[in-house]
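**Q** Sharing a structure with you now.
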Amino acid sequence: MKVLAFGASNSKNSINQKLAHYAARQVKDGEVLLLDINDFEMPIYSEDREKESGVHELAHKFYNEIGDADVIVVSFAEYNGTYTSAYKNLFDWASRVDMKVFQNKPVLMLSTSPGENGAQTVLDAAKTAAPYFAANVIGAISLPSFYDNFDGENSIVTHSEFNQSLTDALSAI
């Protein structure tokens with residue numbers, strides 16, 4: 001089973017990238033492909049740019065990576081209560097390939113932050129929008145207070161409720 005995982009952040013030290021990777025490793029018999037959205041940096045999406053030069057090739061590449069996967073694990077970083085601009089731009093471009101960006105794949109949506117809210121606001125927004133983009137959401141789980149609940153030395157989540165919710169969500173695949 002091919003598991004595509006990424007943090008929806010362009011931070012080089014993204015805690016959401018770490019969380020997505022951790023969760024993807026929990027898929028039994030999963031072959032994990034960890035994407036870095038920095039590898040998909042494009043000009044800011046606009047209708048004018050699309051008319052002038054078409055849909056950017058990196059948008060096609062990202063869309064195809066999703067299509068080649070069996071399961072998607074994405075962990076959303078929250079900037080000012082919403083998606084990061086890097087993810088939003090990538091997603092806007094990919095939606096021009098096809099609005100059904102997630103292609104009816106099982107999608108595990110996660111979020112975390114250093115604070116106790118765990119980026120729950122952006123996770124709620126992503127889950128609400130998911131049906132419009134053909135995401136079969138198998139779980140939406142927030143990890144609060146990342147640095148208190150993630151053992152960086154061993155790359156594991158130590159929050160038992162999160163781990164149980166993760167196990168429950170992954171049992172759907």
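Following the order of the structure tokens, chains are lettered A, B, ..., residues in each are numbered from 1, and ligands are numbered from 1.
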Near Gln26 in chain A, counting only C-alpha atoms, which residues have an atom at most 10 Å away, once you skip same-chain residues fewer than 3 positions from it, shown as a PyMOL selection string?
**A** chain A and resi 21-23+29-30+32+163+166-167+170
**Q** Go ahead and save the picked residues with N, CA, C and O atoms, as a tab-separated table (two decimals), in the first residue's frame.
**A**
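Saved the output as out.tsv:
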```tsv
chain	number	residue	atom	x	y	z
A	21	HIS	N	4.58	12.25	8.84
A	21	HIS	CA	5.49	11.12	8.66
A	21	HIS	C	5.24	10.05	9.72
A	21	HIS	O	5.17	8.85	9.43
A	22	TYR	N	5.12	10.48	10.97
A	22	TYR	CA	4.82	9.54	12.06
A	22	TYR	C	3.54	8.76	11.76
A	22	TYR	O	3.51	7.54	11.86
A	23	ALA	N	2.48	9.47	11.40
A	23	ALA	CA	1.19	8.82	11.16
A	23	ALA	C	1.27	7.85	9.98
A	23	ALA	O	0.74	6.74	10.04
A	29	ASP	N	1.95	-2.44	6.52
A	29	ASP	CA	2.39	-2.81	5.17
A	29	ASP	C	2.40	-1.60	4.23
A	29	ASP	O	2.20	-1.75	3.02
A	30	GLY	N	2.62	-0.42	4.79
A	30	GLY	CA	2.63	0.78	3.97
A	30	GLY	C	4.01	1.15	3.48
A	30	GLY	O	4.99	1.07	4.23
A	32	VAL	N	5.88	4.32	2.46
A	32	VAL	CA	5.66	5.74	2.69
A	32	VAL	C	6.47	6.59	1.73
A	32	VAL	O	7.69	6.42	1.60
A	163	ASN	N	-2.90	8.78	19.76
A	163	ASN	CA	-2.50	7.49	19.19
A	163	ASN	C	-3.69	6.55	19.03
A	163	ASN	O	-3.78	5.83	18.04
A	166	LEU	N	-5.68	7.76	16.10
A	166	LEU	CA	-4.95	7.43	14.89
A	166	LEU	C	-5.16	5.95	14.52
A	166	LEU	O	-5.46	5.62	13.37
A	167	THR	N	-5.03	5.08	15.49
A	167	THR	CA	-5.26	3.65	15.25
A	167	THR	C	-6.68	3.41	14.74
A	167	THR	O	-6.89	2.65	13.80
A	170	LEU	N	-7.01	4.66	11.09
A	170	LEU	CA	-6.29	3.82	10.13
A	170	LEU	C	-6.92	2.43	9.96
A	170	LEU	O	-6.68	1.76	8.95
```
**Q** Taking the backbone alone, and naming residues the way the document does, which bits of range 66-127 of chain A are strand (DSSP E or B) by DSSP, as a ChimeraX atom specification?
**A** /A:71-76,79,82,105-112
**Q** Only N, CA and C atoms, please: the residues just picked out, written as a PDB file, in the first residue's frame.
**A**
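See out26.pdb below for the written result:
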```
ATOM      1  N   VAL A  71      -3.339   5.909  -0.116  1.00  0.00           N
ATOM      2  CA  VAL A  71      -3.795   6.638   1.068  1.00  0.00           C
ATOM      3  C   VAL A  71      -3.016   7.946   1.142  1.00  0.00           C
ATOM      4  N   ILE A  72      -3.697   9.008   1.567  1.00  0.00           N
ATOM      5  CA  ILE A  72      -3.053  10.316   1.735  1.00  0.00           C
ATOM      6  C   ILE A  72      -3.075  10.674   3.223  1.00  0.00           C
ATOM      7  N   VAL A  73      -1.940  11.112   3.748  1.00  0.00           N
ATOM      8  CA  VAL A  73      -1.850  11.633   5.109  1.00  0.00           C
ATOM      9  C   VAL A  73      -1.332  13.056   4.988  1.00  0.00           C
ATOM     10  N   VAL A  74      -2.146  14.012   5.421  1.00  0.00           N
ATOM     11  CA  VAL A  74      -1.738  15.414   5.363  1.00  0.00           C
ATOM     12  C   VAL A  74      -1.934  16.031   6.742  1.00  0.00           C
ATOM     13  N   SER A  75      -0.930  16.766   7.189  1.00  0.00           N
ATOM     14  CA  SER A  75      -1.010  17.467   8.469  1.00  0.00           C
ATOM     15  C   SER A  75      -0.917  18.962   8.201  1.00  0.00           C
ATOM     16  N   PHE A  76      -1.955  19.663   8.628  1.00  0.00           N
ATOM     17  CA  PHE A  76      -2.102  21.084   8.322  1.00  0.00           C
ATOM     18  C   PHE A  76      -1.479  21.974   9.388  1.00  0.00           C
ATOM     19  N   TYR A  79      -1.716  29.094  10.015  1.00  0.00           N
ATOM     20  CA  TYR A  79      -1.202  30.462  10.065  1.00  0.00           C
ATOM     21  C   TYR A  79      -2.393  31.387  10.159  1.00  0.00           C
ATOM     22  N   THR A  82      -5.820  29.764   9.448  1.00  0.00           N
ATOM     23  CA  THR A  82      -6.146  29.152   8.164  1.00  0.00           C
ATOM     24  C   THR A  82      -4.928  28.427   7.591  1.00  0.00           C
ATOM     25  N   LYS A 105      -9.588   9.334  -2.787  1.00  0.00           N
ATOM     26  CA  LYS A 105      -8.655   8.525  -1.987  1.00  0.00           C
ATOM     27  C   LYS A 105      -9.011   8.664  -0.502  1.00  0.00           C
ATOM     28  N   PRO A 106      -8.696   7.629   0.309  1.00  0.00           N
ATOM     29  CA  PRO A 106      -8.800   7.788   1.756  1.00  0.00           C
ATOM     30  C   PRO A 106      -7.780   8.836   2.208  1.00  0.00           C
ATOM     31  N   VAL A 107      -8.251   9.819   2.964  1.00  0.00           N
ATOM     32  CA  VAL A 107      -7.384  10.906   3.424  1.00  0.00           C
ATOM     33  C   VAL A 107      -7.470  10.998   4.943  1.00  0.00           C
ATOM     34  N   LEU A 108      -6.321  10.909   5.575  1.00  0.00           N
ATOM     35  CA  LEU A 108      -6.223  11.150   7.009  1.00  0.00           C
ATOM     36  C   LEU A 108      -5.742  12.580   7.172  1.00  0.00           C
ATOM     37  N   MET A 109      -6.580  13.409   7.790  1.00  0.00           N
ATOM     38  CA  MET A 109      -6.251  14.815   8.010  1.00  0.00           C
ATOM     39  C   MET A 109      -5.815  15.002   9.458  1.00  0.00           C
ATOM     40  N   LEU A 110      -4.668  15.641   9.608  1.00  0.00           N
ATOM     41  CA  LEU A 110      -4.101  15.903  10.922  1.00  0.00           C
ATOM     42  C   LEU A 110      -3.766  17.381  11.041  1.00  0.00           C
ATOM     43  N   SER A 111      -3.499  17.797  12.259  1.00  0.00           N
ATOM     44  CA  SER A 111      -2.953  19.138  12.479  1.00  0.00           C
ATOM     45  C   SER A 111      -2.258  19.138  13.828  1.00  0.00           C
ATOM     46  N   THR A 112      -1.319  20.040  13.956  1.00  0.00           N
ATOM     47  CA  THR A 112      -0.664  20.260  15.243  1.00  0.00           C
ATOM     48  C   THR A 112      -0.092  21.660  15.275  1.00  0.00           C
TER      49      THR A 112
END
```
**Q** Report as a PyMOL selection string all protein, DNA and RNA residues lying within 8 Å of range 4-8 of chain A, evaluated on only C-alpha atoms, omitting residues in the same chain fewer than 2 positions from it.
**A** chain A and resi 2+10+14-21+24+32-37+65-66+69-77+83-84+86-87
**Q** Include C-alpha atoms and write out the residues we just selected as an mmCIF file, in the first residue's frame.
**A**
```cif
data_model
loop_
_atom_site.group_PDB
_atom_site.id
_atom_site.type_symbol
_atom_site.label_atom_id
_atom_site.label_comp_id
_atom_site.auth_asym_id
_atom_site.auth_seq_id
_atom_site.Cartn_x
_atom_site.Cartn_y
_atom_site.Cartn_z
ATOM 1 C CA LYS A 2 1.479 3.331 -1.067
ATOM 2 C CA ASN A 10 6.926 25.140 3.825
ATOM 3 C CA SER A 14 7.858 21.633 10.032
ATOM 4 C CA ILE A 15 6.264 19.927 13.013
ATOM 5 C CA ASN A 16 3.367 19.027 10.724
ATOM 6 C CA GLN A 17 5.764 17.250 8.381
ATOM 7 C CA LYS A 18 7.027 15.259 11.370
ATOM 8 C CA LEU A 19 3.482 14.411 12.435
ATOM 9 C CA ALA A 20 2.425 13.353 8.930
ATOM 10 C CA HIS A 21 5.491 11.119 8.657
ATOM 11 C CA ALA A 24 2.077 7.388 7.726
ATOM 12 C CA VAL A 32 5.663 5.744 2.693
ATOM 13 C CA LEU A 33 6.425 8.544 0.264
ATOM 14 C CA LEU A 34 7.080 11.742 2.196
ATOM 15 C CA LEU A 35 6.602 14.856 0.061
ATOM 16 C CA ASP A 36 8.036 18.265 0.831
ATOM 17 C CA ILE A 37 5.759 20.968 -0.545
ATOM 18 C CA GLU A 65 1.474 11.914 -6.820
ATOM 19 C CA ILE A 66 -1.930 11.911 -5.132
ATOM 20 C CA ALA A 69 -1.115 6.801 -3.823
ATOM 21 C CA ASP A 70 -3.498 4.469 -2.053
ATOM 22 C CA VAL A 71 -3.795 6.638 1.068
ATOM 23 C CA ILE A 72 -3.053 10.316 1.735
ATOM 24 C CA VAL A 73 -1.850 11.633 5.109
ATOM 25 C CA VAL A 74 -1.738 15.414 5.363
ATOM 26 C CA SER A 75 -1.010 17.467 8.469
ATOM 27 C CA PHE A 76 -2.102 21.084 8.322
ATOM 28 C CA ALA A 77 -0.098 23.919 9.804
ATOM 29 C CA TYR A 83 -3.958 27.282 5.657
ATOM 30 C CA THR A 84 -0.371 28.304 5.036
ATOM 31 C CA ALA A 86 2.438 27.741 0.461
ATOM 32 C CA TYR A 87 -0.153 24.964 0.759
#
```
**Q** So, with only C-alpha atoms as the atoms that count, which of A:Asn104, A:Leu143, A:Ala135, A:Arg96 lies closest to Arg49 in chain A?
**A**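 Closest candidate: A:Arg96.
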**Q** Can you check which residues of range 41-171 of chain A DSSP gives as alpha helix (DSSP H) on the backbone and send them as a PyMOL selection string?
**A** chain A and resi 47-53+57-68+85-97+120-129+146-149+160-170
**Q** Please compute the CA of Ala125 in chain A-CA of Ala169 in chain A distance, one decimal, in Å.
**A**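 According to the coordinates, CA of Ala125 in chain A and CA of Ala169 in chain A are separated by 18.8 Å.
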**Q** Which value, in Å to one decimal, gives the distance between CA of Ala129 in chain A and CA of Ser46 in chain A?
**A**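 Between CA of Ala129 in chain A and CA of Ser46 in chain A the gap works out to 20.5 Å.
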**Q** Just the residues within 12 Å of Ile44 in chain A, please, counting only C-alpha atoms, with nothing from its chain fewer than 6 positions along; format it as JSON, numbers by chain.
**A** {"A": [50, 55, 56, 59, 85, 86, 87, 88, 89, 90, 91, 92, 93]}
**Q** Go ahead and compute the interatomic distance for CA of Lys12 in chain A and CA of Gly67 in chain A, in Å to one decimal.
**A** 25.4 Å
**Q** Quick one: of A:Ser113, A:Ser142, A:Gln103, A:Asn38, who's nearest to Lys127 in chain A, counting only C-alpha atoms?
**A**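 The shortest atom-to-atom distance to Lys127 in chain A comes from A:Ser142.
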**Q** Neighbouring residues of Pro144 in chain A were defined as those with any atom within 9 Å, considering only C-alpha atoms; residues of the same chain fewer than 6 positions away were excluded. Please report them as a ChimeraX atom specification.
**A** /A:111-120,159
**Q** Mind dumping the selected residues with N, CA, C and O atoms as a PDB file, in the first residue's frame?
**A**
```pdb
ATOM      1  N   SER A 111      -3.499  17.797  12.259  1.00  0.00           N
ATOM      2  CA  SER A 111      -2.953  19.138  12.479  1.00  0.00           C
ATOM      3  C   SER A 111      -2.258  19.138  13.828  1.00  0.00           C
ATOM      4  O   SER A 111      -2.574  18.337  14.710  1.00  0.00           O
ATOM      5  N   THR A 112      -1.319  20.040  13.956  1.00  0.00           N
ATOM      6  CA  THR A 112      -0.664  20.260  15.243  1.00  0.00           C
ATOM      7  C   THR A 112      -0.092  21.660  15.275  1.00  0.00           C
ATOM      8  O   THR A 112       0.067  22.312  14.240  1.00  0.00           O
ATOM      9  N   SER A 113       0.201  22.102  16.478  1.00  0.00           N
ATOM     10  CA  SER A 113       0.855  23.390  16.690  1.00  0.00           C
ATOM     11  C   SER A 113       1.501  23.340  18.075  1.00  0.00           C
ATOM     12  O   SER A 113       1.218  22.428  18.850  1.00  0.00           O
ATOM     13  N   PRO A 114       2.324  24.320  18.395  1.00  0.00           N
ATOM     14  CA  PRO A 114       2.898  24.340  19.736  1.00  0.00           C
ATOM     15  C   PRO A 114       1.846  24.611  20.821  1.00  0.00           C
ATOM     16  O   PRO A 114       2.037  24.254  21.977  1.00  0.00           O
ATOM     17  N   GLY A 115       0.731  25.211  20.439  1.00  0.00           N
ATOM     18  CA  GLY A 115      -0.301  25.578  21.403  1.00  0.00           C
ATOM     19  C   GLY A 115      -1.301  24.476  21.671  1.00  0.00           C
ATOM     20  O   GLY A 115      -1.369  23.467  20.963  1.00  0.00           O
ATOM     21  N   GLU A 116      -2.118  24.696  22.680  1.00  0.00           N
ATOM     22  CA  GLU A 116      -3.068  23.661  23.107  1.00  0.00           C
ATOM     23  C   GLU A 116      -4.232  23.466  22.146  1.00  0.00           C
ATOM     24  O   GLU A 116      -4.930  22.458  22.215  1.00  0.00           O
ATOM     25  N   ASN A 117      -4.450  24.392  21.206  1.00  0.00           N
ATOM     26  CA  ASN A 117      -5.516  24.221  20.211  1.00  0.00           C
ATOM     27  C   ASN A 117      -5.113  23.236  19.114  1.00  0.00           C
ATOM     28  O   ASN A 117      -5.962  22.672  18.437  1.00  0.00           O
ATOM     29  N   GLY A 118      -3.816  23.030  18.932  1.00  0.00           N
ATOM     30  CA  GLY A 118      -3.328  22.047  17.965  1.00  0.00           C
ATOM     31  C   GLY A 118      -3.744  22.307  16.534  1.00  0.00           C
ATOM     32  O   GLY A 118      -3.913  21.387  15.755  1.00  0.00           O
ATOM     33  N   ALA A 119      -3.939  23.587  16.180  1.00  0.00           N
ATOM     34  CA  ALA A 119      -4.330  23.981  14.815  1.00  0.00           C
ATOM     35  C   ALA A 119      -5.698  23.414  14.436  1.00  0.00           C
ATOM     36  O   ALA A 119      -5.968  23.131  13.273  1.00  0.00           O
ATOM     37  N   GLN A 120      -6.556  23.271  15.421  1.00  0.00           N
ATOM     38  CA  GLN A 120      -7.891  22.708  15.206  1.00  0.00           C
ATOM     39  C   GLN A 120      -8.712  23.542  14.228  1.00  0.00           C
ATOM     40  O   GLN A 120      -9.501  22.992  13.452  1.00  0.00           O
ATOM     41  N   HIS A 159       1.197  11.106  23.139  1.00  0.00           N
ATOM     42  CA  HIS A 159      -0.164  11.436  23.577  1.00  0.00           C
ATOM     43  C   HIS A 159      -1.074  10.233  23.305  1.00  0.00           C
ATOM     44  O   HIS A 159      -1.375   9.928  22.152  1.00  0.00           O
TER      45      HIS A 159
END
```
